[in-house]
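Undergrad: To be precise about what I am sending: the file is called query34.cif and holds mmCIF, C-alpha atoms.
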```cif
data_start
#
loop_
_atom_site.label_atom_id
_atom_site.label_comp_id
_atom_site.auth_asym_id
_atom_site.auth_seq_id
_atom_site.Cartn_x
_atom_site.Cartn_y
_atom_site.Cartn_z
CA MET A 1 -33.57 26.57 -19.63
CA THR A 2 -34.98 27.37 -16.18
CA ALA A 3 -35.58 23.65 -15.62
CA LEU A 4 -31.80 23.31 -15.19
CA VAL A 5 -32.21 24.75 -11.70
CA ARG A 6 -33.42 21.29 -10.68
CA LEU A 7 -29.86 20.04 -11.03
CA TYR A 8 -28.91 21.95 -7.85
CA PRO A 9 -29.31 20.58 -4.30
CA ARG A 10 -32.76 21.14 -2.83
CA ARG A 11 -31.54 23.42 -0.02
CA TRP A 12 -29.55 25.49 -2.49
CA ARG A 13 -32.69 25.91 -4.61
CA GLN A 14 -34.68 27.03 -1.59
CA ARG A 15 -32.18 29.83 -1.04
CA TYR A 16 -31.15 30.81 -4.57
CA GLY A 17 -33.65 29.05 -6.87
CA ALA A 18 -36.02 31.93 -7.66
CA GLU A 19 -33.32 34.51 -8.40
CA PHE A 20 -31.28 31.95 -10.38
CA GLU A 21 -34.31 31.10 -12.52
CA GLN A 22 -34.80 34.82 -13.12
CA LEU A 23 -31.16 35.16 -14.20
CA LEU A 24 -31.53 32.27 -16.64
CA ALA A 25 -34.70 33.88 -18.02
CA ASP A 26 -32.86 37.23 -18.39
CA LEU A 27 -29.98 35.54 -20.20
CA THR A 28 -32.39 33.72 -22.51
CA ASP A 29 -34.24 36.97 -23.30
CA SER A 30 -30.99 38.83 -24.00
CA GLY A 31 -29.96 36.13 -26.50
CA GLY A 32 -26.30 36.30 -25.45
CA ARG A 33 -24.29 33.10 -25.03
CA ALA A 34 -25.19 29.91 -26.83
CA GLY A 35 -27.73 27.81 -24.95
CA TRP A 36 -25.48 24.76 -24.71
CA ARG A 37 -22.66 26.80 -23.15
CA VAL A 38 -25.03 28.17 -20.52
CA ALA A 39 -26.40 24.67 -19.88
CA LEU A 40 -22.88 23.30 -19.49
CA ASP A 41 -21.94 26.08 -17.08
CA VAL A 42 -25.10 25.50 -15.03
CA ALA A 43 -24.43 21.73 -14.91
CA ARG A 44 -20.88 22.41 -13.71
CA GLY A 45 -22.17 24.88 -11.12
CA ALA A 46 -24.73 22.33 -9.90
CA LEU A 47 -22.04 19.67 -9.54
CA ASP A 48 -19.92 22.15 -7.62
CA ALA A 49 -22.88 22.98 -5.35
CA HIS A 50 -23.40 19.26 -4.67
CA ILE A 51 -19.76 18.73 -3.75
CA HIS A 52 -18.70 21.94 -1.99
CA GLY A 53 -20.23 24.36 0.41
CA ARG A 54 -22.91 24.23 3.04
CA TYR A 55 -25.64 23.14 0.59
CA GLY A 56 -23.71 20.18 -0.80
CA MET A 57 -22.31 16.84 0.26
CA ARG A 58 -20.24 18.43 3.01
CA ARG A 59 -23.48 18.28 5.01
CA LEU A 60 -23.72 14.59 4.25
CA PHE A 61 -20.23 13.97 5.63
CA ALA A 62 -21.27 15.76 8.81
CA VAL A 63 -23.62 12.83 9.59
CA PRO A 64 -21.74 10.56 12.08
CA ALA A 65 -23.23 7.35 10.63
CA VAL A 66 -22.02 8.28 7.13
CA ARG A 67 -18.51 9.05 8.37
CA ARG A 68 -18.42 5.78 10.32
CA GLY A 69 -19.63 3.83 7.27
CA ILE A 70 -16.99 5.40 5.03
CA PHE A 71 -14.19 4.84 7.54
CA ASP A 72 -15.08 1.22 8.28
CA GLY A 73 -15.79 0.56 4.60
CA VAL A 74 -12.35 1.80 3.58
CA ILE A 75 -10.61 -0.26 6.29
CA LEU A 76 -12.46 -3.42 5.21
CA SER A 77 -11.76 -2.67 1.54
CA VAL A 78 -8.03 -2.43 2.21
CA LEU A 79 -8.09 -5.85 3.92
CA ILE A 80 -10.10 -7.33 1.03
CA ALA A 81 -7.71 -5.73 -1.49
CA VAL A 82 -4.76 -7.41 0.24
CA ASP A 83 -6.64 -10.73 0.05
CA VAL A 84 -7.40 -10.16 -3.66
CA VAL A 85 -3.73 -9.55 -4.44
CA LEU A 86 -2.59 -12.55 -2.37
CA THR A 87 -5.08 -15.02 -3.88
CA ASN A 88 -4.92 -13.77 -7.48
CA VAL A 89 -1.29 -12.73 -7.90
CA VAL A 90 1.01 -13.92 -5.13
CA PHE A 91 -0.53 -17.37 -4.55
CA PRO A 92 -2.79 -17.88 -7.57
CA ALA A 93 -4.97 -20.97 -7.89
CA GLY A 94 -3.76 -23.72 -10.21
CA PRO A 95 -4.82 -23.61 -13.89
CA ASP A 96 -7.41 -26.36 -13.38
CA GLU A 97 -8.84 -25.11 -10.09
CA SER A 98 -12.27 -23.51 -10.25
CA ASP A 99 -14.38 -21.40 -7.90
CA SER A 100 -16.97 -24.19 -8.10
CA ASP A 101 -14.57 -26.68 -6.46
CA PRO A 102 -15.98 -27.60 -3.01
CA GLU A 103 -12.87 -26.26 -1.26
CA TYR A 104 -13.33 -22.81 -2.79
CA VAL A 105 -17.11 -22.83 -2.33
CA TRP A 106 -16.62 -23.23 1.41
CA GLN A 107 -13.90 -20.61 1.46
CA ASN A 108 -16.15 -18.15 -0.35
CA LEU A 109 -19.11 -18.89 1.90
CA ALA A 110 -16.91 -18.33 4.96
CA THR A 111 -15.72 -15.02 3.50
CA TYR A 112 -19.32 -13.87 2.89
CA ALA A 113 -20.29 -14.88 6.43
CA VAL A 114 -17.40 -12.87 7.91
CA LEU A 115 -18.31 -9.90 5.71
CA ALA A 116 -21.94 -10.13 6.87
CA LEU A 117 -20.86 -10.18 10.53
CA LEU A 118 -18.60 -7.19 9.96
CA LEU A 119 -21.46 -5.25 8.32
CA VAL A 120 -23.61 -6.03 11.39
CA ALA A 121 -20.78 -4.69 13.57
CA ILE A 122 -20.46 -1.57 11.39
CA GLY A 123 -24.21 -0.95 11.83
CA ALA A 124 -23.82 -1.25 15.61
CA ARG A 125 -20.87 1.15 15.56
CA ALA A 126 -22.79 3.61 13.38
CA GLY A 127 -25.69 3.50 15.86
CA ARG A 128 -23.27 4.14 18.70
CA ALA A 129 -21.56 6.97 16.80
CA ARG A 130 -24.94 8.62 16.34
CA SER A 131 -25.64 8.30 20.10
CA ALA A 132 -22.22 9.69 21.08
CA SER A 133 -22.67 12.76 18.90
CA GLY A 134 -26.21 13.39 20.16
CA GLY A 135 -27.55 13.05 16.61
CA ARG A 136 -31.28 13.14 15.97
CA MET A 137 -31.30 10.20 13.56
CA PRO A 138 -32.98 7.10 15.10
CA ARG A 139 -30.41 4.45 16.01
CA PRO A 140 -31.70 1.76 13.58
CA ALA A 141 -31.64 4.32 10.77
CA ALA A 142 -28.08 5.31 11.69
CA GLY A 143 -27.13 1.61 11.60
CA ALA A 144 -28.75 1.19 8.19
CA VAL A 145 -26.98 4.29 6.86
CA GLY A 146 -23.61 3.19 8.25
CA GLY A 147 -23.95 -0.36 6.91
CA GLY A 148 -25.29 0.83 3.54
CA VAL A 149 -22.51 3.38 3.08
CA ALA A 150 -19.88 0.81 4.09
CA GLY A 151 -21.38 -1.66 1.61
CA VAL A 152 -21.23 0.86 -1.23
CA VAL A 153 -17.67 1.89 -0.35
CA ILE A 154 -16.55 -1.76 -0.25
CA ALA A 155 -18.27 -2.52 -3.57
CA VAL A 156 -16.62 0.45 -5.31
CA LEU A 157 -13.12 -0.09 -3.89
CA VAL A 158 -13.12 -3.86 -4.39
CA THR A 159 -14.30 -3.45 -7.98
CA LEU A 160 -11.51 -0.95 -8.61
CA THR A 161 -9.02 -3.32 -6.96
CA TYR A 162 -10.02 -6.13 -9.32
CA VAL A 163 -9.84 -3.81 -12.34
CA VAL A 164 -6.31 -2.74 -11.38
CA VAL A 165 -5.16 -6.29 -10.54
CA ASN A 166 -6.64 -7.75 -13.75
CA ASN A 167 -4.90 -5.12 -15.86
CA ALA A 168 -1.59 -4.93 -14.03
CA PHE A 169 -1.16 -8.71 -13.68
CA LEU A 170 -3.05 -9.94 -16.74
CA SER A 171 -0.44 -12.57 -17.55
CA ILE A 172 -1.07 -14.25 -14.16
CA VAL A 173 -4.81 -13.60 -13.85
CA SER A 174 -5.55 -14.83 -17.40
CA ARG A 175 -4.38 -18.35 -16.42
CA GLN A 176 -7.31 -18.80 -14.03
CA HIS A 177 -9.61 -21.59 -15.18
CA ASP A 178 -12.90 -19.72 -14.70
CA LYS A 179 -11.66 -16.62 -16.53
CA ARG A 180 -10.32 -18.63 -19.46
CA VAL A 181 -13.62 -20.52 -19.85
CA ALA A 182 -15.74 -17.36 -19.56
CA PHE A 183 -13.52 -15.47 -22.00
CA ALA A 184 -13.63 -18.32 -24.56
CA ALA A 185 -17.43 -18.32 -24.41
CA SER A 186 -17.73 -14.52 -24.56
CA GLY A 187 -16.75 -13.90 -28.17
CA TRP A 188 -14.46 -11.02 -27.14
CA SER A 189 -11.08 -10.75 -28.86
CA SER A 190 -9.25 -8.99 -26.00
CA MET A 191 -9.14 -10.61 -22.58
CA ARG A 192 -8.02 -7.35 -20.99
CA ALA A 193 -11.04 -5.48 -22.37
CA TYR A 194 -13.36 -8.37 -21.53
CA LEU A 195 -12.22 -8.59 -17.90
CA THR A 196 -12.37 -4.81 -17.42
CA VAL A 197 -15.86 -4.40 -18.86
CA GLU A 198 -17.20 -7.47 -17.02
CA GLN A 199 -15.68 -6.22 -13.77
CA LEU A 200 -17.17 -2.73 -14.14
CA LEU A 201 -20.62 -4.07 -15.08
CA GLY A 202 -20.45 -6.47 -12.15
CA GLY A 203 -19.35 -3.53 -10.00
CA VAL A 204 -22.57 -1.66 -10.75
CA PHE A 205 -24.59 -4.65 -9.57
CA LEU A 206 -22.31 -5.06 -6.56
CA VAL A 207 -22.78 -1.42 -5.49
CA VAL A 208 -26.56 -1.81 -5.43
CA ALA A 209 -26.54 -5.28 -3.89
CA LEU A 210 -23.92 -4.63 -1.22
CA GLY A 211 -25.49 -1.25 -0.43
CA LEU A 212 -28.85 -2.94 0.26
CA VAL A 213 -27.34 -5.89 2.12
CA GLY A 214 -25.15 -3.52 4.14
CA ALA A 215 -28.14 -1.36 5.06
CA THR A 216 -30.16 -4.40 6.16
CA LEU A 217 -27.34 -5.90 8.22
CA GLY A 218 -26.40 -2.48 9.62
CA LEU A 219 -29.98 -1.97 10.77
CA LEU A 220 -29.88 -5.38 12.41
CA GLY A 221 -26.60 -4.50 14.13
CA ALA A 222 -27.94 -1.22 15.47
CA ALA A 223 -31.10 -2.96 16.73
CA VAL A 224 -29.04 -5.63 18.53
CA PHE A 225 -26.86 -2.93 20.04
CA ARG A 226 -29.95 -1.14 21.37
CA ARG A 227 -31.13 -4.25 23.21
CA ARG A 228 -27.80 -4.50 24.99
CA GLN A 229 -27.92 -0.91 26.25
CA PRO A 230 -28.19 -0.76 30.06
CA GLN A 231 -31.52 0.63 31.12
CA PRO A 232 -31.53 3.58 33.55
CA ALA A 233 -32.65 2.66 37.06
CA MET B 1 -11.59 34.83 6.23
CA GLY B 2 -10.89 36.89 3.09
CA LEU B 3 -10.23 35.21 -0.24
CA ASP B 4 -7.70 32.68 1.12
CA GLY B 5 -8.59 29.09 0.36
CA LEU B 6 -10.86 29.89 -2.59
CA GLY B 7 -8.17 28.50 -4.92
CA ARG B 8 -9.39 28.20 -8.51
CA PHE B 9 -12.63 29.90 -7.49
CA ALA B 10 -10.83 33.13 -6.60
CA ASP B 11 -10.98 34.74 -10.05
CA PRO B 12 -14.80 34.88 -10.39
CA ALA B 13 -14.99 35.93 -6.73
CA VAL B 14 -12.63 38.87 -7.32
CA LEU B 15 -14.60 39.91 -10.40
CA VAL B 16 -17.84 39.83 -8.42
CA LEU B 17 -16.35 41.79 -5.51
CA SER B 18 -14.90 44.36 -7.92
CA SER B 19 -18.27 44.78 -9.58
CA LEU B 20 -20.07 45.18 -6.25
CA ALA B 21 -17.45 47.74 -5.15
CA GLY B 22 -19.13 50.09 -7.61
CA GLU B 23 -22.74 49.55 -6.56
CA ASP B 24 -25.23 46.90 -5.43
CA ARG B 25 -26.12 44.57 -8.32
CA HIS B 26 -28.25 41.50 -9.06
CA GLY B 27 -27.08 38.49 -11.09
CA TYR B 28 -27.74 39.73 -14.63
CA ALA B 29 -26.34 43.21 -13.87
CA LEU B 30 -23.22 41.59 -12.42
CA ILE B 31 -22.65 39.53 -15.57
CA LYS B 32 -23.06 42.56 -17.81
CA ASP B 33 -20.86 44.81 -15.65
CA ILE B 34 -18.06 42.20 -15.44
CA GLU B 35 -18.29 41.72 -19.19
CA GLU B 36 -17.82 45.45 -19.62
CA PHE B 37 -14.92 46.16 -17.25
CA ALA B 38 -13.04 42.82 -17.45
CA GLY B 39 -14.02 41.43 -20.85
CA VAL B 40 -14.99 38.16 -19.16
CA THR B 41 -18.43 36.59 -19.55
CA LEU B 42 -19.27 34.65 -16.41
CA GLY B 43 -21.76 31.83 -16.89
CA PRO B 44 -24.73 31.73 -14.50
CA GLY B 45 -23.42 28.61 -12.74
CA THR B 46 -20.00 30.16 -12.24
CA LEU B 47 -21.51 33.43 -11.02
CA TYR B 48 -23.75 31.77 -8.45
CA GLY B 49 -20.90 29.51 -7.32
CA ALA B 50 -18.97 32.69 -6.52
CA LEU B 51 -21.98 34.42 -4.92
CA THR B 52 -22.65 31.38 -2.71
CA ARG B 53 -19.06 31.24 -1.48
CA LEU B 54 -18.78 34.97 -0.92
CA GLU B 55 -22.04 35.07 1.03
CA GLU B 56 -20.97 32.08 3.17
CA ARG B 57 -17.77 33.98 4.03
CA GLY B 58 -19.63 37.16 4.86
CA LEU B 59 -17.89 39.11 2.08
CA ILE B 60 -21.18 40.06 0.43
CA GLU B 61 -24.76 40.18 1.68
CA ALA B 62 -28.08 39.64 -0.04
CA LEU B 63 -30.58 42.50 -0.15
CA PRO B 64 -34.36 42.07 -0.39
CA ALA B 65 -35.38 40.67 -3.79
CA GLN B 66 -36.91 43.04 -6.30
CA ASP B 67 -39.21 41.22 -8.69
CA ARG B 68 -37.29 37.92 -8.24
CA ARG B 69 -33.98 39.71 -8.91
CA ARG B 70 -31.96 39.79 -5.69
CA PRO B 71 -29.24 42.44 -5.46
CA TYR B 72 -26.04 41.84 -3.51
CA ARG B 73 -23.97 44.31 -1.52
CA LEU B 74 -20.29 44.33 -0.62
CA THR B 75 -19.77 44.09 3.15
CA ALA B 76 -16.98 45.82 5.07
CA ALA B 77 -15.16 42.47 5.31
CA GLY B 78 -15.59 42.06 1.54
CA ALA B 79 -14.14 45.50 0.88
CA ASN B 80 -11.13 44.69 3.06
CA ALA B 81 -10.59 41.32 1.38
CA LEU B 82 -10.79 42.88 -2.09
CA ASN B 83 -8.46 45.69 -1.05
CA ASP B 84 -5.86 43.21 0.28
CA TYR B 85 -6.11 41.03 -2.81
CA LEU B 86 -5.80 43.91 -5.29
CA ARG B 87 -2.87 45.50 -3.44
CA HIS B 88 -1.06 42.17 -3.51
CA ALA B 89 -1.91 41.71 -7.19
CA ARG B 90 -0.60 45.22 -7.90
CA THR B 91 2.69 44.43 -6.14
CA VAL B 92 3.11 41.26 -8.20
CA ALA B 93 2.16 43.08 -11.41
CA THR B 94 4.59 45.91 -10.70
CA VAL B 95 7.49 43.53 -10.06
CA GLY B 96 6.65 41.42 -13.10
CA LEU B 97 6.37 44.42 -15.41
CA ARG B 98 9.61 45.93 -14.09
CA ARG B 99 11.49 42.67 -14.68
CA LEU B 100 10.00 42.28 -18.14
CA ALA B 101 11.08 45.83 -19.01
CA ALA B 102 14.58 45.21 -17.68
CA SER B 103 15.02 41.99 -19.66
CA SER B 104 13.86 43.43 -22.99
#
```
Output the structure of this file as structure tokens.
TA:
Amino acid sequence: MTALVRLYPRRWRQRYGAEFEQLLADLTDSGGRAGWRVALDVARGALDAHIHGRYGMRRLFAVPAVRRGIFDGVILSVLIAVDVVLTNVVFPAGPDESDSDPEYVWQNLATYAVLALLLVAIGARAGRARSASGGRMPRPAAGAVGGGVAGVVIAVLVTLTYVVVNNAFLSIVSRQHDKRVAFAASGWSSMRAYLTVEQLLGGVFLVVALGLVGATLGLLGAAVFRRRQPQPA
Amino acid sequence: MGLDGLGRFADPAVLVLSSLAGEDRHGYALIKDIEEFAGVTLGPGTLYGALTRLEERGLIEALPAQDRRRPYRLTAAGANALNDYLRHARTVATVGLRRLAASS
């Protein structure tokens, strides 16, 4: 039972770990509440400690690069969400048009290039935010954190946008050539369920991939920003 | 700072403060005492969530650990906060009970 203490944040454990372990040992010895109820309560307490209070994620949000990454990531996600709605619902592609058509390949490549440039810019801004606040984090690290956080935020919000759009406008989205072909080959009986599950599974990959790409490009952006800093005379 | 802003965490916090108003207690003693006077069994995670918040707000303070069991003490600010909360609760209870009696 005492192993459950590991669920808590490290700094919380440094402060309360020993006495909390002793309490769990006392409760086990007294044979009071059922073990699973205690375990559930401890898990809930650990989650609470991670989210609230000075030992939890509030500390994380105090890091300027993280705040910058979240802010920029949300702004970019909103713009992408508007684009998703426009291209999938308002002006959907024709029933025979595919993402592999040259026109769309170039469009997608251009979109990825713009996204990459924006992640570089977010890294530069995160590095600058760290400088302005007098933070101790090295500038390249701040850039990597800002870019990585922005990448994760974008991946999560864009995935959720697609899930909502696919479900709310299924009658329009289900006419897309690529989705019809993929659904026919999938063996699923419900297109709604198929699209939702595929989108969420893809979202997991996207979170990891865009987090890593964002961190790399953010680091690059912060490094470029450093070179442009005027040197003191 | 008192108990304002604790929201759904206020109940365990009030139970802990009420228990410590009697004497200094460590975690296990707090659970047993609260069980006895309030009939509520706080889980260890809930208890330490309350202890963490109360200590951050300066309403209780930790005493030196005795054999890995660390007792906690009510501070003057904690006593004031508990006093305010209980007086307010008593006012609400009095009004509610009076209205219930009048309507029955």
Undergrad: Measuring between only C-alpha atoms, which one of A:Val5, A:Ser189, A:Gly218, A:Gly45 shows the shortest distance to chain B?
TA: A:Gly45
Undergrad: Quick one: residues within 6 Å of (-19.3, 36.5, -6.2) (file frame), counting all atoms listed in the file, please, as a list in words.
TA: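 With a cut-off of 6 Å, the residues come to Ala13, Val16, Ala50, Leu51 and Leu54 of chain B.
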Undergrad: Applied to this file, what does the PyMOL selection byres ((chain A) within 10 of (chain B)) return in terms of residues, put as a PyMOL selection string?
TA: chain A and resi 5+8+12+15-27+30+32-33+37-49+52-55
Undergrad: If I take atom CA of A:Ile51 and atom CA of A:Arg68, how far is one from the other in Å, to one decimal?
TA: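 Between atom CA of A:Ile51 and atom CA of A:Arg68 the gap is 19.2 Å.
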Undergrad: What's the separation between atom CA of A:Leu119 and atom CA of A:Gln199, in Å to one decimal place?
TA: 22.9 Å
Undergrad: Given the PyMOL selection byres ((chain B and resi 61) around 9) and the file above, list the residues it selects as a count of residues only.
TA: 12
Undergrad: Quick one: apply the PyMOL selection byres ((chain A and resi 225) around 10) to the file and drop the selected residues here as a PyMOL selection string.
TA: chain A and resi 120-121+123-125+127-128+139-140+143+219-224+226-229
Undergrad: Rounded to one decimal, what separation in Å do you get between atom CA of A:Glu198 and atom CA of A:Ala215?
TA: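 One can read the atom CA of A:Glu198 to atom CA of A:Ala215 distance as 25.4 Å.
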Undergrad: Using all atoms listed in the file, determine which residues lie at most 8 Å from stretch 154-158 of chain A, disregarding the query and same-chain residues fewer than 4 positions distant; provide the list as a PDB file with C-alpha atoms, keeping the file's coordinate frame.
TA:
```
ATOM      1  CA  GLY A  73     -15.790   0.560   4.600  1.00  0.00           C
ATOM      2  CA  VAL A  74     -12.350   1.800   3.580  1.00  0.00           C
ATOM      3  CA  LEU A  76     -12.460  -3.420   5.210  1.00  0.00           C
ATOM      4  CA  SER A  77     -11.760  -2.670   1.540  1.00  0.00           C
ATOM      5  CA  ILE A  80     -10.100  -7.330   1.030  1.00  0.00           C
ATOM      6  CA  ALA A  81      -7.710  -5.730  -1.490  1.00  0.00           C
ATOM      7  CA  ALA A 150     -19.880   0.810   4.090  1.00  0.00           C
ATOM      8  CA  TYR A 162     -10.020  -6.130  -9.320  1.00  0.00           C
ATOM      9  CA  GLY A 203     -19.350  -3.530 -10.000  1.00  0.00           C
ATOM     10  CA  LEU A 206     -22.310  -5.060  -6.560  1.00  0.00           C
ATOM     11  CA  VAL A 207     -22.780  -1.420  -5.490  1.00  0.00           C
ATOM     12  CA  LEU A 210     -23.920  -4.630  -1.220  1.00  0.00           C
ATOM     13  CA  GLY A 211     -25.490  -1.250  -0.430  1.00  0.00           C
TER      14      GLY A 211
END
```
